[in-house]
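S.K.: Contents are compact mmCIF, C-alpha atoms; file name work_20.txt:
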# COMPACT_ATOMS: atom_id res chain seq x y z
CA MET A 1 0.00 0.00 0.00
CA THR A 2 1.28 3.44 -0.88
CA SER A 3 -0.07 6.70 0.38
CA GLY A 4 0.36 10.40 -0.01
CA ALA A 5 -1.24 12.93 2.32
CA LYS A 6 -0.97 16.66 2.79
CA PRO A 7 0.61 17.51 6.15
CA ASN A 8 -1.97 20.20 7.05
CA GLU A 9 -4.25 18.26 9.39
CA ALA A 10 -6.72 21.18 9.56
CA LEU A 11 -7.88 20.51 6.01
CA PRO A 12 -10.84 18.18 5.36
CA ALA A 13 -9.55 14.77 4.31
CA LEU A 14 -10.38 12.53 1.40
CA VAL A 15 -9.18 9.06 0.42
CA MET A 16 -9.32 7.65 -3.11
CA LEU A 17 -9.66 3.91 -3.81
CA HIS A 18 -8.89 2.57 -7.27
CA GLY A 19 -10.45 -0.04 -9.53
CA PHE A 20 -9.32 -3.60 -10.22
CA ALA A 21 -5.88 -4.04 -11.88
CA LEU A 22 -5.31 -0.30 -11.43
CA ASP A 23 -3.63 1.71 -8.67
CA ALA A 24 -3.58 5.16 -7.14
CA ARG A 25 -2.29 6.74 -10.35
CA MET A 26 -5.79 6.64 -11.82
CA TRP A 27 -6.68 9.56 -9.53
CA ARG A 28 -3.94 11.91 -10.78
CA ARG A 29 -6.41 14.46 -12.14
CA GLN A 30 -8.36 14.53 -8.89
CA VAL A 31 -5.23 14.85 -6.75
CA GLU A 32 -4.14 17.82 -8.84
CA ALA A 33 -7.58 19.43 -8.55
CA PHE A 34 -8.17 18.99 -4.83
CA SER A 35 -4.81 18.85 -3.06
CA SER A 36 -4.78 22.58 -2.31
CA ALA A 37 -8.07 22.49 -0.39
CA TYR A 38 -8.13 18.93 0.97
CA ARG A 39 -5.80 16.57 2.72
CA VAL A 40 -5.56 13.88 0.04
CA LEU A 41 -4.71 10.25 0.74
CA THR A 42 -4.30 7.81 -2.14
CA VAL A 43 -3.64 4.12 -1.62
CA ASP A 44 -2.61 1.10 -3.62
CA LEU A 45 -4.94 -1.60 -2.31
CA PRO A 46 -3.26 -4.86 -1.25
CA GLY A 47 -1.94 -6.84 -4.19
CA PHE A 48 -2.13 -3.91 -6.64
CA GLY A 49 0.36 -1.35 -7.90
CA PRO A 50 3.98 -1.69 -9.03
CA GLN A 51 5.01 -2.86 -5.54
CA GLY A 52 2.02 -5.17 -5.05
CA ARG A 53 2.91 -8.45 -3.38
CA GLU A 54 1.30 -11.88 -3.27
CA LEU A 55 -0.06 -11.72 0.26
CA GLY A 56 -2.58 -14.55 0.45
CA GLN A 57 -5.86 -13.48 2.01
CA VAL A 58 -6.09 -9.72 2.49
CA ASP A 59 -8.61 -7.39 4.09
CA PRO A 60 -8.67 -4.24 1.93
CA ALA A 61 -11.02 -2.25 4.18
CA ALA A 62 -8.83 -2.97 7.21
CA ASP A 63 -5.77 -1.84 5.26
CA VAL A 64 -7.48 1.45 4.37
CA LEU A 65 -8.39 1.96 8.03
CA ARG A 66 -4.74 1.38 9.00
CA ALA A 67 -3.69 4.01 6.45
CA LEU A 68 -6.17 6.49 7.95
CA ASP A 69 -4.87 5.78 11.44
CA ALA A 70 -1.24 6.06 10.33
CA THR A 71 -1.89 9.49 8.80
CA LYS A 72 -4.01 10.60 11.78
CA ILE A 73 -7.16 11.05 9.71
CA ASP A 74 -10.29 10.69 11.81
CA ARG A 75 -13.17 11.26 9.37
CA VAL A 76 -12.80 11.18 5.62
CA HIS A 77 -14.61 11.65 2.33
CA VAL A 78 -14.18 8.40 0.38
CA VAL A 79 -13.99 8.42 -3.43
CA ALA A 80 -13.91 4.99 -5.03
CA ASN A 81 -14.00 3.42 -8.49
CA SER A 82 -15.24 -0.07 -9.39
CA PHE A 83 -13.51 -2.61 -7.09
CA GLY A 84 -12.62 0.26 -4.77
CA ALA A 85 -16.33 0.91 -4.19
CA ALA A 86 -16.70 -2.56 -2.69
CA VAL A 87 -13.81 -1.72 -0.36
CA ALA A 88 -15.34 1.64 0.51
CA SER A 89 -18.70 0.03 1.28
CA ASP A 90 -17.03 -2.50 3.54
CA LEU A 91 -15.14 0.27 5.35
CA ALA A 92 -18.31 2.33 5.83
CA LEU A 93 -20.30 -0.64 7.12
CA ARG A 94 -17.61 -1.51 9.66
CA HIS A 95 -16.68 2.03 10.71
CA PRO A 96 -19.47 4.45 9.73
CA GLY A 97 -18.19 7.06 12.14
CA ARG A 98 -14.97 7.38 10.14
CA VAL A 99 -16.69 8.16 6.81
CA ARG A 100 -18.02 11.67 6.09
CA SER A 101 -19.32 10.81 2.63
CA LEU A 102 -19.10 8.18 -0.10
CA THR A 103 -18.58 8.85 -3.80
CA PHE A 104 -18.74 5.88 -6.14
CA VAL A 105 -17.87 5.98 -9.84
CA GLY A 106 -18.62 2.89 -11.94
CA PRO A 107 -19.04 0.93 -8.69
CA LEU A 108 -18.78 -2.80 -8.07
CA LEU A 109 -21.48 -4.17 -5.76
CA LEU A 110 -20.63 -7.45 -4.06
CA GLY A 111 -23.10 -10.23 -4.72
CA ARG A 112 -23.95 -8.94 -8.21
CA ARG A 113 -22.82 -10.17 -11.62
CA THR A 114 -19.99 -8.04 -12.99
CA GLY A 115 -20.46 -8.86 -16.66
CA ILE A 116 -16.68 -8.75 -17.23
CA GLU A 117 -16.18 -11.13 -20.14
CA ALA A 118 -12.39 -11.26 -19.88
CA TRP A 119 -12.20 -12.57 -16.33
CA SER A 120 -12.02 -16.32 -16.95
CA ARG A 121 -9.49 -15.91 -19.77
CA CYS A 122 -7.30 -13.69 -17.59
CA VAL A 123 -7.40 -16.27 -14.81
CA ALA A 124 -6.35 -19.03 -17.21
CA LEU A 125 -3.50 -17.01 -18.72
CA ALA A 126 -2.21 -15.86 -15.33
CA ALA A 127 -2.27 -19.47 -14.09
CA GLU A 128 -0.03 -20.36 -17.05
CA GLY A 129 2.37 -17.58 -16.05
CA ASP A 130 1.43 -15.27 -18.93
CA LYS A 131 0.43 -12.21 -16.93
CA ALA A 132 1.33 -9.79 -19.72
CA THR A 133 -1.18 -11.34 -22.11
CA ALA A 134 -3.73 -11.52 -19.30
CA ALA A 135 -3.35 -7.77 -18.83
CA GLU A 136 -3.87 -7.14 -22.54
CA ILE A 137 -6.97 -9.36 -22.56
CA TRP A 138 -8.28 -7.42 -19.56
CA LEU A 139 -7.79 -4.14 -21.40
CA ASP A 140 -9.60 -5.57 -24.43
CA ASP A 141 -12.77 -6.19 -22.41
CA PRO A 142 -15.89 -4.15 -23.31
CA LEU A 143 -15.49 -2.52 -19.89
CA PHE A 144 -12.83 -0.26 -21.46
CA GLU A 145 -14.35 0.06 -24.93
CA HIS A 146 -15.15 3.75 -24.58
CA LEU A 147 -11.74 4.62 -23.16
CA ARG A 148 -10.06 2.97 -26.16
CA HIS A 149 -11.42 5.76 -28.35
CA ASP A 150 -8.85 8.09 -26.77
CA GLU A 151 -5.40 6.70 -27.59
CA GLU A 152 -3.52 8.86 -25.08
CA LEU A 153 -5.81 7.99 -22.18
CA PHE A 154 -5.84 4.34 -23.11
CA GLU A 155 -2.04 4.15 -23.15
CA GLU A 156 -1.97 5.80 -19.73
CA LEU A 157 -4.36 3.16 -18.41
CA ARG A 158 -2.45 0.38 -20.16
CA GLY A 159 0.77 1.38 -18.40
CA ILE A 160 -0.95 1.05 -15.04
CA VAL A 161 -2.55 -2.33 -15.80
CA LEU A 162 0.72 -3.77 -17.08
CA ASP A 163 2.22 -3.03 -13.65
CA TYR A 164 -0.39 -5.23 -11.97
CA GLY A 165 1.11 -8.55 -10.86
CA GLY A 166 -2.04 -10.63 -11.40
CA GLY A 167 -2.19 -12.08 -7.90
CA HIS A 168 -5.99 -12.02 -7.75
CA TRP A 169 -6.14 -13.94 -11.03
CA THR A 170 -3.73 -16.62 -9.81
CA GLY A 171 -5.40 -16.87 -6.40
CA ARG A 172 -2.23 -15.78 -4.59
CA VAL A 173 -4.16 -12.76 -3.38
CA SER A 174 -7.76 -13.08 -2.19
CA SER A 175 -9.91 -10.42 -0.59
CA HIS A 176 -11.85 -10.86 2.63
CA TRP A 177 -15.15 -8.99 3.00
CA SER A 178 -17.24 -8.54 6.13
CA ASP A 179 -20.37 -9.33 4.11
CA PRO A 180 -20.49 -10.98 0.66
CA ASP A 181 -23.93 -9.42 0.04
CA PRO A 182 -23.98 -6.02 1.77
CA VAL A 183 -27.26 -4.65 0.39
CA PRO A 184 -29.42 -5.32 3.49
CA ARG A 185 -26.91 -3.50 5.68
CA LEU A 186 -26.38 -0.68 3.19
CA ARG A 187 -30.08 0.20 3.51
CA LYS A 188 -29.36 1.43 7.03
CA LEU A 189 -26.13 3.29 6.27
CA ASP A 190 -26.80 6.93 7.17
CA ILE A 191 -23.97 8.50 5.15
CA PRO A 192 -24.31 10.99 2.28
CA ALA A 193 -23.48 9.28 -1.00
CA LEU A 194 -22.90 10.32 -4.60
CA VAL A 195 -23.22 7.50 -7.15
CA VAL A 196 -21.74 8.35 -10.55
CA SER A 197 -21.71 6.45 -13.84
CA GLY A 198 -20.41 7.26 -17.27
CA GLU A 199 -23.30 6.94 -19.68
CA LYS A 200 -21.23 4.53 -21.82
CA ASP A 201 -20.36 2.14 -18.97
CA ILE A 202 -21.36 -1.48 -19.56
CA PRO A 203 -24.90 -2.49 -18.52
CA SER A 204 -23.90 -4.61 -15.52
CA PHE A 205 -22.01 -1.72 -13.90
CA ILE A 206 -24.84 0.71 -14.66
CA GLN A 207 -27.16 -1.73 -12.90
CA MET A 208 -24.86 -1.97 -9.88
CA ALA A 209 -24.71 1.82 -9.66
CA GLU A 210 -28.50 1.99 -9.80
CA ALA A 211 -28.69 -0.62 -7.04
CA TYR A 212 -26.39 1.45 -4.82
CA ALA A 213 -28.49 4.56 -5.52
CA ARG A 214 -31.72 2.74 -4.61
CA THR A 215 -30.24 1.15 -1.51
CA LEU A 216 -28.24 3.88 0.20
CA PRO A 217 -30.77 6.07 2.02
CA ARG A 218 -28.93 9.36 1.38
CA ALA A 219 -27.75 8.67 -2.17
CA ARG A 220 -27.66 11.09 -5.07
CA ARG A 221 -27.39 9.68 -8.61
CA GLU A 222 -25.48 11.31 -11.48
CA VAL A 223 -24.57 10.20 -15.01
CA ILE A 224 -21.73 11.87 -16.92
CA ALA A 225 -22.37 12.18 -20.64
CA GLY A 226 -19.67 10.99 -23.00
CA ALA A 227 -17.85 8.88 -20.38
CA GLY A 228 -17.36 5.17 -19.91
CA HIS A 229 -16.34 3.09 -16.88
CA LEU A 230 -13.59 5.49 -15.77
CA ALA A 231 -15.52 8.75 -15.79
CA ASN A 232 -13.00 10.46 -13.51
CA VAL A 233 -10.28 9.83 -16.11
CA GLU A 234 -12.33 10.38 -19.25
CA ARG A 235 -14.26 13.48 -18.10
CA PRO A 236 -12.24 14.89 -15.18
CA ALA A 237 -13.65 18.41 -15.32
CA GLU A 238 -17.24 17.22 -15.07
CA PHE A 239 -16.41 14.62 -12.43
CA ASN A 240 -14.41 17.06 -10.30
CA ALA A 241 -17.22 19.63 -10.50
CA LEU A 242 -19.70 17.03 -9.27
CA LEU A 243 -17.41 16.15 -6.37
CA GLN A 244 -16.92 19.74 -5.31
CA GLU A 245 -20.63 20.55 -5.52
CA PHE A 246 -21.51 17.40 -3.57
CA TRP A 247 -19.03 18.13 -0.79
CA SER A 248 -20.11 21.76 -0.63
CA SER A 249 -23.75 20.69 -0.26
CA LEU A 250 -22.87 18.79 2.90
In structure tokens, what does this structure look like?

M.R.:
Amino acid sequence: MTSGAKPNEALPALVMLHGFALDARMWRRQVEAFSSAYRVLTVDLPGFGPQGRELGQVDPAADVLRALDATKIDRVHVVANSFGAAVASDLALRHPGRVRSLTFVGPLLLGRRTGIEAWSRCVALAAEGDKATAAEIWLDDPLFEHLRHDEELFEELRGIVLDYGGGHWTGRVSSHWSDPDPVPRLRKLDIPALVVSGEKDIPSFIQMAEAYARTLPRARREVIAGAGHLANVERPAEFNALLQEFWSSL
């Protein structure tokens, strides 16, 4: 896990949790936008990032909590993409008093079908030791179809994914969750939430975002036109404006 936080502890704090096969670099545009007004913490979740290790069973939410404690952050705005949203949900369910707000973009909801066609092929290739091809197959999934229309952005994403070691595909990293189907508990989670999708995200992730918006009692739903699964990367100005307006409304 890597982290970066502003030293001014008087600033409101936010933590950003990345999607699967990605790492904290996916939030570069948000770090640049908000680091002057917020204490920003970015993390590489266990098993991800250039320094990711094969750790066996991991507890991502507990690792995020340890990062908050280590940086002396009491309450935090959480911003999470895809896999990171499952981590954020787990953190909020375990420690609601530590979370000021939740923002999900293209979120994964545990217990729901992801619709990621490449998964089984990536698992097979990684098991054979061909992690590089597994990464390319992952990037070829319809999940990233819209991003592929922008060559520069796609190459940026590709560089991050190629740094992923594939431990979750090989089974040498597995994530522990406090609840494999959190929806019943999420219905009682009294935390302001912003649920964002790119309009071009794949149907299964749109459906998971809608489920979060229906379930979380204080949820607000937004769709960013012209964006796919990684709306914060593809349309950073629109995404950042939504974040700032949401936080200001609190």

S.K.: Go through A:Gln30, A:Ser82, A:Ser175, A:Ser101 one by one, measure the shortest atom-to-atom distance of each to Leu55 (chain A) using all atoms listed in the file, and give the residue with the smallest value.

M.R.: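 Ranking A:Gln30, A:Ser82, A:Ser175, A:Ser101 by distance to Leu55 (chain A), first place goes to A:Ser175.
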
S.K.: Could you build a table of the residues in region 76-184 of chain A lying no more than 7 Å from region 228-242 of chain A, giving for each the nearest pair of atoms and their separation in Å rounded to one decimal place, using only C-alpha atoms, ordered by chain and ascending residue number, as JSON lines?

M.R.:
{"residue": "A:Val105", "atom": "CA", "partner": "A:Ala231", "partner_atom": "CA", "distance": 7.0}
{"residue": "A:Gly106", "atom": "CA", "partner": "A:His229", "partner_atom": "CA", "distance": 5.4}
{"residue": "A:Leu143", "atom": "CA", "partner": "A:His229", "partner_atom": "CA", "distance": 6.4}
{"residue": "A:Phe144", "atom": "CA", "partner": "A:His229", "partner_atom": "CA", "distance": 6.7}
{"residue": "A:His146", "atom": "CA", "partner": "A:Gly228", "partner_atom": "CA", "distance": 5.4}
{"residue": "A:Leu147", "atom": "CA", "partner": "A:Gly228", "partner_atom": "CA", "distance": 6.5}

S.K.: Give me, as number ranges by chain, all polymer residues having an atom no more than 7 Å from Arg221 (chain A), counting all atoms listed in the file and skipping those fewer than 5 positions away in the same chain.

M.R.: A: 194-196, 213

S.K.: What's the separation between CA of Glu117 (chain A) and CA of Val223 (chain A), in Å to one decimal place?

M.R.: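 According to the coordinates, CA of Glu117 (chain A) and CA of Val223 (chain A) are separated by 23.5 Å.
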
S.K.: Please measure the separation of CA of Val173 (chain A) and CA of Asp69 (chain A), giving the value in Å to one decimal.

M.R.: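 So the two atoms, CA of Val173 (chain A) and CA of Asp69 (chain A), lie 23.7 Å apart.
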
S.K.: Would you place a box with edges along x, y and z of the file around all atoms of region 207-211 of chain A listed there, add 3 Å to each of its six sides, and report the centre and edge lengths in Å to one decimal, as AutoDock Vina command-line options?

M.R.:
--center_x -26.7 --center_y 0.0 --center_z -10.0 --size_x 10.0 --size_y 10.0 --size_z 11.9

S.K.: Which residue out of A:Thr114, A:Thr71, A:Ser89, A:Ser174 has the minimum interatomic distance to Phe48 (chain A) when all atoms listed in the file are used?

M.R.: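 Looking at the shortest contact to Phe48 (chain A), the residue is A:Ser174.
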
S.K.: For a quick check of understanding, using all atoms listed in the file, which of A:Ala37, A:Ala24, A:Ala219, A:Leu109 has the smallest distance to Gln244 (chain A)?

M.R.: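 Between A:Ala37, A:Ala24, A:Ala219, A:Leu109, the residue approaching Gln244 (chain A) most closely is A:Ala37.
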
S.K.: Might you pull out every residue within 12 Å of Leu11 (chain A), with all atoms listed in the file counted and same-chain residues fewer than 5 positions away left off, and present them as a list in words?

M.R.: Ala5, Lys6, Phe34, Ser35, Ser36, Ala37, Tyr38, Arg39, Val40, Leu41, Ile73, Asp74, Arg75, Val76 and His77 of chain A

S.K.: How many Å lie between CA of Leu250 (chain A) and CA of His95 (chain A), rounded to one decimal?

M.R.: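 Going from CA of Leu250 (chain A) over to CA of His95 (chain A) covers 19.5 Å.
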
S.K.: Could you list, as a PyMOL selection string, every residue within 9 Å of region 159-172 of chain A, counting only C-alpha atoms and ignoring same-chain residues fewer than 3 positions away?

M.R.: chain A and resi 20-23+25-26+47-57+119-120+122-129+131-132+134-136+138-139+154-156+175

S.K.: With distances taken over only C-alpha atoms, which residue among A:Asn81, A:Thr103, A:Ser249, A:Thr215 lies nearest Pro182 (chain A)?

M.R.: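 Closest to Pro182 (chain A), using only C-alpha atoms: A:Thr215.
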
S.K.: Here is a test: counting only C-alpha atoms, which residue of A:Pro192, A:Gly115, A:Glu245, A:Arg66 is nearest to Arg218 (chain A)?

M.R.: A:Pro192
